[in-house]
Amino acid sequence: MREIALLISIAGMLVLGLLMLNLKTVEVRDVDDLKRLKVNTKVFVEGKVVDERVLYLGSKLIVLNNGIEVICECSESFKEKRVRVEGLIDEFNNKKQLAALKVEVFG
C-alpha cells in the first residue's frame with residue numbers, strides 16, 4: 001500500500017514539474033499590465049533601476065523606471081543599471097509586485 005502511495009506522489013510531482021516548465025512568460029510594460037494579470041503568473045520586465053532598498057538580510061526591493069517593484073534575493077547593487085527581470089507576480093498589502101527568479105544586467 002505504501003509503495004502505491006509513493007509512486008502516485010512521485011508521478012504527481014513529475015506532472016506538476018512538467019506543467020511549471022511549460023508556463024508561458026508574459027511581457028509586462030507598466031504597473032497597469034501587472035494589475036491585469038493573476039498572482040503567480042510568470043512574467044518578464046525590462047527597465048532602469050531608479051531606487052533600491054534592503055528589506056532584510058539578503059533581500060532587496062528594486063523599483064524600476066516604469067513603477068514596477070521587484071523583490072530580489074540578491075546581494076549586488078543594480079542602482080542606475082538597465083535590467084531584465086523574469087519572475088512571478090506576487091501580492092503584498094493589496095499591491096502587486098514581482099518576485100524575481102532571474103535578474104540580468106544590460107550594458
# chains A, B, ... in the order shown; residues from 1 in each chain; ligands from 1

$ closest_atom_pairs --of "segment 5-40 of chain A" --to "segment 63-76 of chain A" --cutoff "9 Å" --atoms "only C-alpha atoms" --output "JSON lines"
{"residue": "A:Arg29", "atom": "CA", "partner": "A:Asn66", "partner_atom": "CA", "distance": 7.3}
{"residue": "A:Asp30", "atom": "CA", "partner": "A:Asn66", "partner_atom": "CA", "distance": 5.4}
{"residue": "A:Val31", "atom": "CA", "partner": "A:Ile68", "partner_atom": "CA", "distance": 5.7}
{"residue": "A:Leu34", "atom": "CA", "partner": "A:Ile68", "partner_atom": "CA", "distance": 8.1}

$ write_last_selection --atoms "N, CA and C atoms" --output "short mmCIF file (atom, residue, chain, number, x, y, z; two decimals), in the first residue's frame"
data_model
loop_
_atom_site.label_atom_id
_atom_site.label_comp_id
_atom_site.auth_asym_id
_atom_site.auth_seq_id
_atom_site.Cartn_x
_atom_site.Cartn_y
_atom_site.Cartn_z
N ARG A 29 4.87 45.81 -19.39
CA ARG A 29 5.50 47.10 -19.69
C ARG A 29 5.33 48.12 -18.58
N ASP A 30 4.21 48.05 -17.82
CA ASP A 30 3.99 49.01 -16.75
C ASP A 30 3.12 48.39 -15.66
N VAL A 31 2.80 49.19 -14.65
CA VAL A 31 2.05 48.71 -13.49
C VAL A 31 0.64 48.28 -13.89
N LEU A 34 0.63 44.81 -15.03
CA LEU A 34 0.83 43.93 -13.88
C LEU A 34 -0.48 43.71 -13.13
#

$ select_by_dssp --residues "segment 72-101 of chain A" --states "strand (DSSP E)" --output "list in words"
Cys72, Arg82, Val83, Arg84, Val85, Glu86, Gly87, Leu88, Ile89, Asp90, Glu91, Phe92, Lys95, Lys96, Gln97, Leu98, Ala99, Ala100 and Leu101 of chain A

$ write_last_selection --atoms "C-alpha atoms" --output "PDB file, in the first residue's frame"
ATOM      1  CA  CYS A  72      15.030  40.161  -5.253  1.00  0.00           C
ATOM      2  CA  ARG A  82      19.225  48.580 -17.078  1.00  0.00           C
ATOM      3  CA  VAL A  83      17.927  45.167 -16.053  1.00  0.00           C
ATOM      4  CA  ARG A  84      15.710  42.418 -17.408  1.00  0.00           C
ATOM      5  CA  VAL A  85      13.811  40.605 -14.657  1.00  0.00           C
ATOM      6  CA  GLU A  86      11.990  37.307 -15.013  1.00  0.00           C
ATOM      7  CA  GLY A  87       9.736  36.345 -12.130  1.00  0.00           C
ATOM      8  CA  LEU A  88       6.328  35.575 -10.695  1.00  0.00           C
ATOM      9  CA  ILE A  89       3.627  38.074  -9.779  1.00  0.00           C
ATOM     10  CA  ASP A  90       3.139  38.331  -6.030  1.00  0.00           C
ATOM     11  CA  GLU A  91       0.783  40.447  -3.917  1.00  0.00           C
ATOM     12  CA  PHE A  92       1.626  42.257  -0.672  1.00  0.00           C
ATOM     13  CA  LYS A  95      -0.234  45.783  -4.194  1.00  0.00           C
ATOM     14  CA  LYS A  96       1.163  43.574  -6.946  1.00  0.00           C
ATOM     15  CA  GLN A  97       4.914  43.099  -7.128  1.00  0.00           C
ATOM     16  CA  LEU A  98       7.309  40.869  -8.979  1.00  0.00           C
ATOM     17  CA  ALA A  99       9.199  38.129  -7.122  1.00  0.00           C
ATOM     18  CA  ALA A 100      12.408  37.792  -9.132  1.00  0.00           C
ATOM     19  CA  LEU A 101      13.555  34.410 -10.386  1.00  0.00           C
TER      20      LEU A 101
END

$ select_by_dssp --residues "chain A" --states "helix (DSSP H, G or I)" --output "list of chain:residue names"
A:Arg2, A:Glu3, A:Ile4, A:Ala5, A:Leu6, A:Leu7, A:Ile8, A:Ser9, A:Ile10, A:Ala11, A:Gly12, A:Met13, A:Leu14, A:Val15, A:Leu16, A:Gly17, A:Leu18, A:Leu19, A:Met20, A:Leu21, A:Val31, A:Asp32, A:Asp33, A:Leu34, A:Lys35, A:Arg36

$ closest_residue --among "A:Arg2, A:Leu61, A:Val103, A:Glu80" --to "Lys48 of chain A" --atoms "only C-alpha atoms"
A:Glu80

$ closest_residue --among "A:Ser9, A:Thr25, A:Ser77, A:Asn40" --to "Arg53 of chain A" --atoms "only C-alpha atoms"
A:Ser77

$ closest_residue --among "A:Val15, A:Leu37, A:Val26, A:Val105" --to "Val49 of chain A" --atoms "only C-alpha atoms"
A:Val105
